[in-house]
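Visitor: This is the content of work.pdb (PDB, C-alpha atoms):
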```pdb
ATOM      1  CA  MET P  21     137.738  13.771  32.597
ATOM      2  CA  LYS P  22     134.617  14.987  34.416
ATOM      3  CA  ARG P  23     133.043  11.525  34.518
ATOM      4  CA  ASN P  24     136.223   9.955  35.923
ATOM      5  CA  SER P  25     136.928  12.618  38.549
ATOM      6  CA  PRO P  26     135.173  10.707  41.413
ATOM      7  CA  LEU P  27     137.273   7.660  40.576
ATOM      8  CA  ILE P  28     140.437   9.751  40.763
ATOM      9  CA  TYR P  29     139.476  11.034  44.241
ATOM     10  CA  ILE P  30     138.727   7.507  45.444
ATOM     11  CA  ALA P  31     141.970   6.112  44.010
ATOM     12  CA  LEU P  32     144.075   8.854  45.629
ATOM     13  CA  PHE P  33     142.356   8.448  48.974
ATOM     14  CA  LEU P  34     142.648   4.643  48.979
ATOM     15  CA  ALA P  35     146.311   4.908  48.016
ATOM     16  CA  THR P  36     146.833   7.189  51.021
ATOM     17  CA  ILE P  37     145.064   4.751  53.339
ATOM     18  CA  PHE P  38     146.998   1.717  52.139
ATOM     19  CA  CYS P  39     150.355   3.545  52.289
ATOM     20  CA  ILE P  40     149.913   4.236  56.026
ATOM     21  CA  PRO P  41     152.032   1.785  58.066
ATOM     22  CA  LYS P  42     149.742  -0.832  59.629
ATOM     23  CA  SER P  43     151.428  -0.541  63.041
ATOM     24  CA  SER P  44     150.476   3.126  63.435
ATOM     25  CA  ALA P  45     146.909   3.229  62.040
ATOM     26  CA  ILE P  46     143.779   1.485  63.295
ATOM     27  CA  PRO P  47     141.086   0.841  60.641
ATOM     28  CA  TYR P  48     137.369   1.353  61.253
ATOM     29  CA  VAL P  49     134.067   1.058  59.402
ATOM     30  CA  GLY P  50     130.715   2.649  60.060
ATOM     31  CA  PHE P  51     127.240   3.341  58.770
ATOM     32  CA  ASP P  52     124.762   6.114  59.502
ATOM     33  CA  ALA P  53     121.120   6.769  58.833
ATOM     34  CA  GLN P  54     120.841  10.359  57.638
ATOM     35  CA  THR P  55     118.189  12.952  57.020
ATOM     36  CA  ARG P  56     119.504  15.148  54.206
ATOM     37  CA  ALA P  57     117.968  18.536  53.426
ATOM     38  CA  VAL P  58     118.503  20.456  50.201
ATOM     39  CA  SER P  59     116.279  22.830  48.307
ATOM     40  CA  LEU P  60     116.160  23.558  44.617
ATOM     41  CA  ARG P  61     115.754  27.144  43.417
ATOM     42  CA  GLY P  62     114.242  28.094  40.099
ATOM     43  CA  LEU P  63     111.636  26.669  37.743
ATOM     44  CA  ASN P  64     109.090  24.396  39.512
ATOM     45  CA  ALA P  65     111.269  24.178  42.646
ATOM     46  CA  HIS P  66     108.183  23.967  44.868
ATOM     47  CA  VAL P  67     107.285  20.497  43.537
ATOM     48  CA  PHE P  68     110.401  18.861  45.032
ATOM     49  CA  SER P  69     110.665  17.452  48.519
ATOM     50  CA  LYS P  70     113.256  19.275  50.609
ATOM     51  CA  ARG P  71     114.221  16.287  52.782
ATOM     52  CA  ALA P  72     115.344  12.758  52.035
ATOM     53  CA  ALA P  73     116.360   9.749  54.087
ATOM     54  CA  ALA P  74     119.863   8.567  53.239
ATOM     55  CA  LEU P  75     122.268   5.758  53.994
ATOM     56  CA  HIS P  76     125.886   6.748  54.637
ATOM     57  CA  VAL P  77     128.683   4.159  54.836
ATOM     58  CA  TYR P  78     132.308   5.012  55.565
ATOM     59  CA  THR P  79     135.694   3.573  56.358
ATOM     60  CA  GLY P  80     138.800   5.134  57.764
ATOM     61  CA  HIS P  81     141.962   4.896  59.833
ATOM     62  CA  VAL P  82     142.678   6.330  63.266
ATOM     63  CA  LEU P  83     146.092   7.928  62.748
ATOM     64  CA  ASN P  84     146.703   8.900  66.403
ATOM     65  CA  GLU P  85     144.699   9.958  69.469
ATOM     66  CA  ASP P  86     143.660  13.197  67.793
ATOM     67  CA  PHE P  87     143.233  12.556  64.068
ATOM     68  CA  SER P  88     141.661  10.068  61.709
ATOM     69  CA  ILE P  89     141.143  10.036  57.974
ATOM     70  CA  GLU P  90     138.014   8.607  56.368
ATOM     71  CA  THR P  91     136.193   8.151  53.096
ATOM     72  CA  GLY P  92     132.521   7.422  52.596
ATOM     73  CA  PHE P  93     129.511   7.207  50.321
ATOM     74  CA  HIS P  94     125.928   8.416  50.759
ATOM     75  CA  SER P  95     122.781   7.860  48.723
ATOM     76  CA  ALA P  96     119.375   9.494  49.185
ATOM     77  CA  LYS P  97     116.131   9.631  47.224
ATOM     78  CA  SER P  98     112.894  11.517  47.728
ATOM     79  CA  SER P  99     109.806  11.865  45.611
ATOM     80  CA  LYS P 100     106.757  14.086  45.760
ATOM     81  CA  GLY P 101     104.009  13.710  43.213
ATOM     82  CA  GLY P 102     105.676  13.347  39.811
ATOM     83  CA  ALA P 103     108.974  14.882  40.924
ATOM     84  CA  SER P 104     111.958  12.989  42.310
ATOM     85  CA  LEU P 105     115.296  14.036  43.737
ATOM     86  CA  LYS P 106     118.321  11.746  44.012
ATOM     87  CA  MET P 107     121.475  12.698  45.903
ATOM     88  CA  LYS P 108     124.658  10.624  45.811
ATOM     89  CA  GLY P 109     128.168  11.441  46.890
ATOM     90  CA  ILE P 110     131.592  10.274  47.963
ATOM     91  CA  HIS P 111     133.881  12.095  50.349
ATOM     92  CA  GLY P 112     137.303  12.170  51.937
ATOM     93  CA  MET P 113     137.799  13.917  55.286
ATOM     94  CA  LEU P 114     140.289  14.579  58.037
ATOM     95  CA  ILE P 115     138.552  14.142  61.420
ATOM     96  CA  TYR P 116     139.713  15.696  64.711
ATOM     97  CA  ASN P 117     138.768  13.782  67.889
ATOM     98  CA  LEU P 118     138.571  15.597  71.261
ATOM     99  CA  PRO P 119     137.972  13.238  74.242
ATOM    100  CA  LEU P 120     135.792  14.788  76.968
ATOM    101  CA  ASN P 121     136.649  12.373  79.785
ATOM    102  CA  VAL P 122     139.654  10.384  81.004
ATOM    103  CA  GLU P 123     138.159   7.034  79.956
ATOM    104  CA  LYS P 124     137.725   8.414  76.416
ATOM    105  CA  THR P 125     134.165   7.111  76.184
ATOM    106  CA  VAL P 126     132.734  10.467  75.055
ATOM    107  CA  SER P 127     134.378  12.657  72.438
ATOM    108  CA  LEU P 128     133.591  15.573  70.175
ATOM    109  CA  LEU P 129     134.340  15.353  66.454
ATOM    110  CA  GLY P 130     135.179  17.997  63.902
ATOM    111  CA  GLY P 131     136.099  17.310  60.318
ATOM    112  CA  ALA P 132     136.732  18.926  56.974
ATOM    113  CA  GLY P 133     137.286  17.558  53.513
ATOM    114  CA  LEU P 134     135.985  17.312  49.986
ATOM    115  CA  ALA P 135     132.905  15.607  48.605
ATOM    116  CA  HIS P 136     132.011  14.815  45.023
ATOM    117  CA  ILE P 137     128.221  15.104  44.975
ATOM    118  CA  ARG P 138     125.777  14.291  42.221
ATOM    119  CA  ASN P 139     122.202  15.567  42.398
ATOM    120  CA  HIS P 140     119.466  14.557  39.960
ATOM    121  CA  ALA P 141     116.133  16.377  39.893
ATOM    122  CA  ARG P 142     113.417  14.824  37.705
ATOM    123  CA  HIS P 143     110.109  16.432  36.835
ATOM    124  CA  PRO P 144     107.727  15.767  33.933
ATOM    125  CA  ALA P 145     108.608  19.213  32.509
ATOM    126  CA  TYR P 146     112.404  18.990  32.851
ATOM    127  CA  ARG P 147     115.352  17.235  34.406
ATOM    128  CA  LEU P 148     118.445  18.615  36.072
ATOM    129  CA  ASP P 149     121.632  16.561  36.549
ATOM    130  CA  LEU P 150     124.496  18.325  38.296
ATOM    131  CA  SER P 151     127.720  17.088  39.887
ATOM    132  CA  ARG P 152     130.726  18.812  41.380
ATOM    133  CA  CYS P 153     133.495  18.526  43.961
ATOM    134  CA  VAL P 154     132.542  20.692  46.965
ATOM    135  CA  PRO P 155     133.806  21.405  50.500
ATOM    136  CA  LYS P 156     132.318  19.323  53.328
ATOM    137  CA  VAL P 157     132.322  19.969  57.093
ATOM    138  CA  LEU P 158     131.313  17.639  59.938
ATOM    139  CA  ALA P 159     130.612  18.385  63.622
ATOM    140  CA  GLY P 160     129.454  15.738  66.046
ATOM    141  CA  ALA P 161     130.013  13.476  69.016
ATOM    142  CA  GLU P 162     130.737   9.815  69.694
ATOM    143  CA  TYR P 163     129.985   7.602  72.654
ATOM    144  CA  HIS P 164     132.058   4.403  72.976
ATOM    145  CA  PHE P 165     130.198   1.455  74.498
ATOM    146  CA  VAL P 166     133.507  -0.435  74.432
ATOM    147  CA  PRO P 167     136.774   0.786  72.844
ATOM    148  CA  GLU P 168     135.885  -0.901  69.532
ATOM    149  CA  LEU P 169     132.190   0.092  69.213
ATOM    150  CA  ALA P 170     130.807   3.632  69.225
ATOM    151  CA  ILE P 171     127.613   5.452  68.328
ATOM    152  CA  ARG P 172     128.097   8.637  66.307
ATOM    153  CA  PHE P 173     125.852  11.684  66.077
ATOM    154  CA  ALA P 174     126.825  14.262  63.472
ATOM    155  CA  PHE P 175     125.766  17.375  61.613
ATOM    156  CA  VAL P 176     127.132  17.630  58.054
ATOM    157  CA  TRP P 177     127.261  20.605  55.702
ATOM    158  CA  GLU P 178     128.115  20.443  51.983
ATOM    159  CA  SER P 179     128.410  23.553  49.828
ATOM    160  CA  SER P 180     125.937  22.688  47.064
ATOM    161  CA  LYS P 181     125.434  26.300  45.930
ATOM    162  CA  SER P 182     127.959  25.799  43.140
ATOM    163  CA  LEU P 183     125.589  23.226  41.598
ATOM    164  CA  SER P 184     123.679  25.435  39.197
ATOM    165  CA  LYS P 185     122.397  25.495  35.666
ATOM    166  CA  LYS P 186     120.580  28.777  35.166
ATOM    167  CA  PRO P 187     117.870  29.416  36.225
ATOM    168  CA  GLU P 188     117.892  26.317  38.502
ATOM    169  CA  ARG P 189     120.338  25.731  41.328
ATOM    170  CA  PHE P 190     120.693  23.704  44.502
ATOM    171  CA  ASN P 191     121.186  25.363  47.880
ATOM    172  CA  ASN P 192     123.604  24.048  50.504
ATOM    173  CA  THR P 193     123.006  20.525  51.735
ATOM    174  CA  TYR P 194     122.604  19.768  55.437
ATOM    175  CA  ALA P 195     122.459  16.323  57.006
ATOM    176  CA  LEU P 196     121.806  14.955  60.474
ATOM    177  CA  SER P 197     123.140  11.460  61.015
ATOM    178  CA  THR P 198     123.168   8.741  63.643
ATOM    179  CA  GLY P 199     124.996   5.466  63.327
ATOM    180  CA  LEU P 200     127.510   2.932  64.558
ATOM    181  CA  ARG P 201     131.269   2.803  64.102
ATOM    182  CA  TYR P 202     133.375  -0.314  64.644
ATOM    183  CA  GLN P 203     137.133  -0.039  65.147
ATOM    184  CA  PHE P 204     139.269  -3.127  64.453
TER     185      PHE P 204
END
```
Please go through the file and, once you have read it, give me the structure as structure tokens.
Guide:
Amino acid sequence: MKRNSPLIYIALFLATIFCIPKSSAIPYVGFDAQTRAVSLRGLNAHVFSKRAAALHVYTGHVLNEDFSIETGFHSAKSSKGGASLKMKGIHGMLIYNLPLNVEKTVSLLGGAGLAHIRNHARHPAYRLDLSRCVPKVLAGAEYHFVPELAIRFAFVWESSKSLSKKPERFNNTYALSTGLRYQF
């Protein structure tokens, strides 16, 4: 069951998206370049890089002026000497949109949801593979060039502290992201 749990989350989320009446929801897609930061605690933790560049792709539906629902995937890899760290994850979130002006070109974003993350730490002396479903929070802003196209800036937090295998554990993951979102 553990290996299939990400597939269950994806299937449930996609079923929710496709069950939304098409007349009331507006689909969108987006991609971000991210800088993800996580640190490993325990044996030989100092040999791992704490930051990694990541690609984040997502899709969602605008439900109304205030709320949207989205799912996404990120992948990051860093290496330092003989040690490498890979971070992958999928997520589902509810996003709140707060327009700051009448034209609705600038808005603040806040979101919360769940992420299934998988972190792999490799070192010549050992390897650590951990995965778990964790809470995820997003805070950011969007600027709409036109109603369909926006640039998004966001700060993301994922609670990675539950990823542990004594004596090693991952600390919380933080990400800064910038990218484009296209609304159909």
Visitor: I need the output of the PyMOL selection byres ((chain P and resi 50) around 8) for this file as an mmCIF file with C-alpha atoms, keeping the file's coordinate frame; which residues are they?
Guide:
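New file expr01.cif:
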```
data_model
loop_
_atom_site.group_PDB
_atom_site.id
_atom_site.type_symbol
_atom_site.label_atom_id
_atom_site.label_comp_id
_atom_site.auth_asym_id
_atom_site.auth_seq_id
_atom_site.Cartn_x
_atom_site.Cartn_y
_atom_site.Cartn_z
ATOM 1 C CA TYR P 48 137.369 1.353 61.253
ATOM 2 C CA VAL P 49 134.067 1.058 59.402
ATOM 3 C CA PHE P 51 127.240 3.341 58.770
ATOM 4 C CA ASP P 52 124.762 6.114 59.502
ATOM 5 C CA VAL P 77 128.683 4.159 54.836
ATOM 6 C CA TYR P 78 132.308 5.012 55.565
ATOM 7 C CA THR P 79 135.694 3.573 56.358
ATOM 8 C CA GLY P 199 124.996 5.466 63.327
ATOM 9 C CA LEU P 200 127.510 2.932 64.558
ATOM 10 C CA ARG P 201 131.269 2.803 64.102
ATOM 11 C CA TYR P 202 133.375 -0.314 64.644
#
```
Visitor: Hey, which of P:Val58, P:Ile110, P:Val176, P:Val166 ends up closest to P:Glu90? Count all atoms listed in the file.
Guide: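 Comparing P:Val58, P:Ile110, P:Val176, P:Val166 against P:Glu90, the winner is P:Ile110.
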Visitor: I would like the residues chosen by the PyMOL selection byres ((chain P and resi 106) around 12) on the shown file; could you give them as a PDB file with C-alpha atoms, in the coordinates of the input?
Guide:
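Below is the file that was written, selection-v6.pdb:
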```pdb
ATOM      1  CA  ARG P  56     119.504  15.148  54.206  1.00  0.00           C
ATOM      2  CA  ALA P  57     117.968  18.536  53.426  1.00  0.00           C
ATOM      3  CA  VAL P  58     118.503  20.456  50.201  1.00  0.00           C
ATOM      4  CA  PHE P  68     110.401  18.861  45.032  1.00  0.00           C
ATOM      5  CA  SER P  69     110.665  17.452  48.519  1.00  0.00           C
ATOM      6  CA  LYS P  70     113.256  19.275  50.609  1.00  0.00           C
ATOM      7  CA  ARG P  71     114.221  16.287  52.782  1.00  0.00           C
ATOM      8  CA  ALA P  72     115.344  12.758  52.035  1.00  0.00           C
ATOM      9  CA  ALA P  73     116.360   9.749  54.087  1.00  0.00           C
ATOM     10  CA  ALA P  74     119.863   8.567  53.239  1.00  0.00           C
ATOM     11  CA  HIS P  94     125.928   8.416  50.759  1.00  0.00           C
ATOM     12  CA  SER P  95     122.781   7.860  48.723  1.00  0.00           C
ATOM     13  CA  ALA P  96     119.375   9.494  49.185  1.00  0.00           C
ATOM     14  CA  LYS P  97     116.131   9.631  47.224  1.00  0.00           C
ATOM     15  CA  SER P  98     112.894  11.517  47.728  1.00  0.00           C
ATOM     16  CA  SER P  99     109.806  11.865  45.611  1.00  0.00           C
ATOM     17  CA  LYS P 100     106.757  14.086  45.760  1.00  0.00           C
ATOM     18  CA  ALA P 103     108.974  14.882  40.924  1.00  0.00           C
ATOM     19  CA  SER P 104     111.958  12.989  42.310  1.00  0.00           C
ATOM     20  CA  LEU P 105     115.296  14.036  43.737  1.00  0.00           C
ATOM     21  CA  MET P 107     121.475  12.698  45.903  1.00  0.00           C
ATOM     22  CA  LYS P 108     124.658  10.624  45.811  1.00  0.00           C
ATOM     23  CA  GLY P 109     128.168  11.441  46.890  1.00  0.00           C
ATOM     24  CA  ILE P 137     128.221  15.104  44.975  1.00  0.00           C
ATOM     25  CA  ARG P 138     125.777  14.291  42.221  1.00  0.00           C
ATOM     26  CA  ASN P 139     122.202  15.567  42.398  1.00  0.00           C
ATOM     27  CA  HIS P 140     119.466  14.557  39.960  1.00  0.00           C
ATOM     28  CA  ALA P 141     116.133  16.377  39.893  1.00  0.00           C
ATOM     29  CA  ARG P 142     113.417  14.824  37.705  1.00  0.00           C
ATOM     30  CA  HIS P 143     110.109  16.432  36.835  1.00  0.00           C
ATOM     31  CA  ARG P 147     115.352  17.235  34.406  1.00  0.00           C
ATOM     32  CA  LEU P 148     118.445  18.615  36.072  1.00  0.00           C
ATOM     33  CA  ASP P 149     121.632  16.561  36.549  1.00  0.00           C
ATOM     34  CA  LEU P 150     124.496  18.325  38.296  1.00  0.00           C
ATOM     35  CA  SER P 151     127.720  17.088  39.887  1.00  0.00           C
TER      36      SER P 151
END
```
Visitor: How big is the axis-aligned box around the listed atoms of stretch 45-48 of chain P once 4 Å is added on each side, and where is its centre? Give both in Å to one decimal, as AutoDock Vina command-line options.
Guide:
```
--center_x 142.1 --center_y 2.0 --center_z 62.0 --size_x 17.5 --size_y 10.4 --size_z 10.7
```
Visitor: Between P:Ala174, P:Leu75, P:Leu196, P:Val122, which has the minimum distance to P:Phe93 (counting all atoms listed in the file)?
Guide: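 Of the candidates, the smallest distance to P:Phe93 is held by P:Leu75.
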Visitor: Let me know the residues the PyMOL selection byres ((chain P and resi 181) around 12) catches in the file above, as number ranges by chain.
Guide: P: 58-61, 137, 139, 150-155, 177-180, 182-185, 188-194
Visitor: Could you check which of P:Thr125, P:Leu114, P:Gly101, P:Thr55 is closest to P:Val82, using all atoms listed in the file?
Guide: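 Looking at the shortest contact to P:Val82, the residue is P:Leu114.
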Visitor: To one decimal in Å, tell me the separation between atom CA of P:Glu168 and atom CA of P:Ile46.
Guide: 10.3 Å
Visitor: From the options P:Gly102, P:Asn117, P:Leu128, P:His136, which residue's atoms come nearest to P:Val67, counting all atoms listed in the file?
Guide: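 Closest candidate: P:Gly102.
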Visitor: For P:His81, which of P:Gln203, P:Gly130, P:Glu123, P:Pro144 is the closest residue, counting only C-alpha atoms?
Guide: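 Using only C-alpha atoms, P:His81 sits closest to P:Gln203.
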Visitor: Find the spatial neighbours of P:Gly133, counting all atoms listed in the file, within a cut-off of 9 Å - ignore same-chain residues fewer than 6 positions away - and output them as an MDAnalysis selection string.
Guide: chainID P and resid 111:115 154:158
Visitor: Any idea what the distance is between atom CA of P:Thr91 and atom CA of P:Ala45?
Guide: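 So the two atoms, atom CA of P:Thr91 and atom CA of P:Ala45, lie 14.8 Å apart.
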Visitor: Under the rule that all atoms listed in the file are counted, which of P:Phe204, P:Phe175, P:Tyr116, P:Phe87 is the nearest residue to P:Leu129?
Guide: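 Closest to P:Leu129, using all atoms listed in the file: P:Tyr116.
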Visitor: Could you please determine the separation between atom CA of P:His76 and atom CA of P:Lys124 in Å, to one decimal place?
Guide: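 Spanning atom CA of P:His76 to atom CA of P:Lys124 is a straight-line distance of 24.8 Å.
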Visitor: Write a file for stretch 150-201 of chain P, containing C-alpha atoms (output as a PDB file, in the first residue's frame).
Guide:
```
ATOM      1  CA  LEU P 150      12.369   8.222   2.821  1.00  0.00           C
ATOM      2  CA  SER P 151       8.868   9.120   1.644  1.00  0.00           C
ATOM      3  CA  ARG P 152       5.757  10.347   3.392  1.00  0.00           C
ATOM      4  CA  CYS P 153       2.595  12.411   3.001  1.00  0.00           C
ATOM      5  CA  VAL P 154       3.165  15.786   4.707  1.00  0.00           C
ATOM      6  CA  PRO P 155       1.385  19.147   5.074  1.00  0.00           C
ATOM      7  CA  LYS P 156       2.279  21.869   2.558  1.00  0.00           C
ATOM      8  CA  VAL P 157       1.699  25.640   2.738  1.00  0.00           C
ATOM      9  CA  LEU P 158       2.105  28.272   0.009  1.00  0.00           C
ATOM     10  CA  ALA P 159       2.239  32.087   0.244  1.00  0.00           C
ATOM     11  CA  GLY P 160       2.843  34.288  -2.757  1.00  0.00           C
ATOM     12  CA  ALA P 161       1.687  36.810  -5.317  1.00  0.00           C
ATOM     13  CA  GLU P 162       0.664  36.878  -8.969  1.00  0.00           C
ATOM     14  CA  TYR P 163       0.805  39.599 -11.578  1.00  0.00           C
ATOM     15  CA  HIS P 164      -1.464  39.172 -14.628  1.00  0.00           C
ATOM     16  CA  PHE P 165      -0.038  40.558 -17.871  1.00  0.00           C
ATOM     17  CA  VAL P 166      -3.390  39.734 -19.485  1.00  0.00           C
ATOM     18  CA  PRO P 167      -6.286  37.837 -17.839  1.00  0.00           C
ATOM     19  CA  GLU P 168      -4.965  34.507 -19.170  1.00  0.00           C
ATOM     20  CA  LEU P 169      -1.218  34.896 -18.425  1.00  0.00           C
ATOM     21  CA  ALA P 170       0.335  35.589 -15.026  1.00  0.00           C
ATOM     22  CA  ILE P 171       3.726  35.443 -13.354  1.00  0.00           C
ATOM     23  CA  ARG P 172       3.751  33.812  -9.919  1.00  0.00           C
ATOM     24  CA  PHE P 173       6.166  34.336  -7.043  1.00  0.00           C
ATOM     25  CA  ALA P 174       5.770  31.977  -4.101  1.00  0.00           C
ATOM     26  CA  PHE P 175       7.284  30.731  -0.872  1.00  0.00           C
ATOM     27  CA  VAL P 176       6.530  27.070  -0.082  1.00  0.00           C
ATOM     28  CA  TRP P 177       6.946  25.142   3.159  1.00  0.00           C
ATOM     29  CA  GLU P 178       6.699  21.347   3.516  1.00  0.00           C
ATOM     30  CA  SER P 179       6.927  19.603   6.880  1.00  0.00           C
ATOM     31  CA  SER P 180       9.765  17.164   6.176  1.00  0.00           C
ATOM     32  CA  LYS P 181      10.641  16.608   9.852  1.00  0.00           C
ATOM     33  CA  SER P 182       8.579  13.422   9.885  1.00  0.00           C
ATOM     34  CA  LEU P 183      11.024  11.936   7.350  1.00  0.00           C
ATOM     35  CA  SER P 184      13.415  10.172   9.687  1.00  0.00           C
ATOM     36  CA  LYS P 185      15.254   6.919  10.082  1.00  0.00           C
ATOM     37  CA  LYS P 186      17.304   7.144  13.255  1.00  0.00           C
ATOM     38  CA  PRO P 187      19.837   8.683  13.555  1.00  0.00           C
ATOM     39  CA  GLU P 188      19.278  10.498  10.212  1.00  0.00           C
ATOM     40  CA  ARG P 189      16.377  12.811   9.470  1.00  0.00           C
ATOM     41  CA  PHE P 190      15.403  15.597   7.103  1.00  0.00           C
ATOM     42  CA  ASN P 191      14.459  19.048   8.369  1.00  0.00           C
ATOM     43  CA  ASN P 192      11.579  21.071   6.928  1.00  0.00           C
ATOM     44  CA  THR P 193      11.777  21.902   3.246  1.00  0.00           C
ATOM     45  CA  TYR P 194      11.532  25.488   2.015  1.00  0.00           C
ATOM     46  CA  ALA P 195      11.233  26.590  -1.598  1.00  0.00           C
ATOM     47  CA  LEU P 196      11.239  29.906  -3.424  1.00  0.00           C
ATOM     48  CA  SER P 197       9.647  29.767  -6.849  1.00  0.00           C
ATOM     49  CA  THR P 198       9.045  31.976  -9.859  1.00  0.00           C
ATOM     50  CA  GLY P 199       7.117  30.951 -12.925  1.00  0.00           C
ATOM     51  CA  LEU P 200       4.303  31.434 -15.396  1.00  0.00           C
ATOM     52  CA  ARG P 201       0.667  30.392 -15.186  1.00  0.00           C
TER      53      ARG P 201
END
```
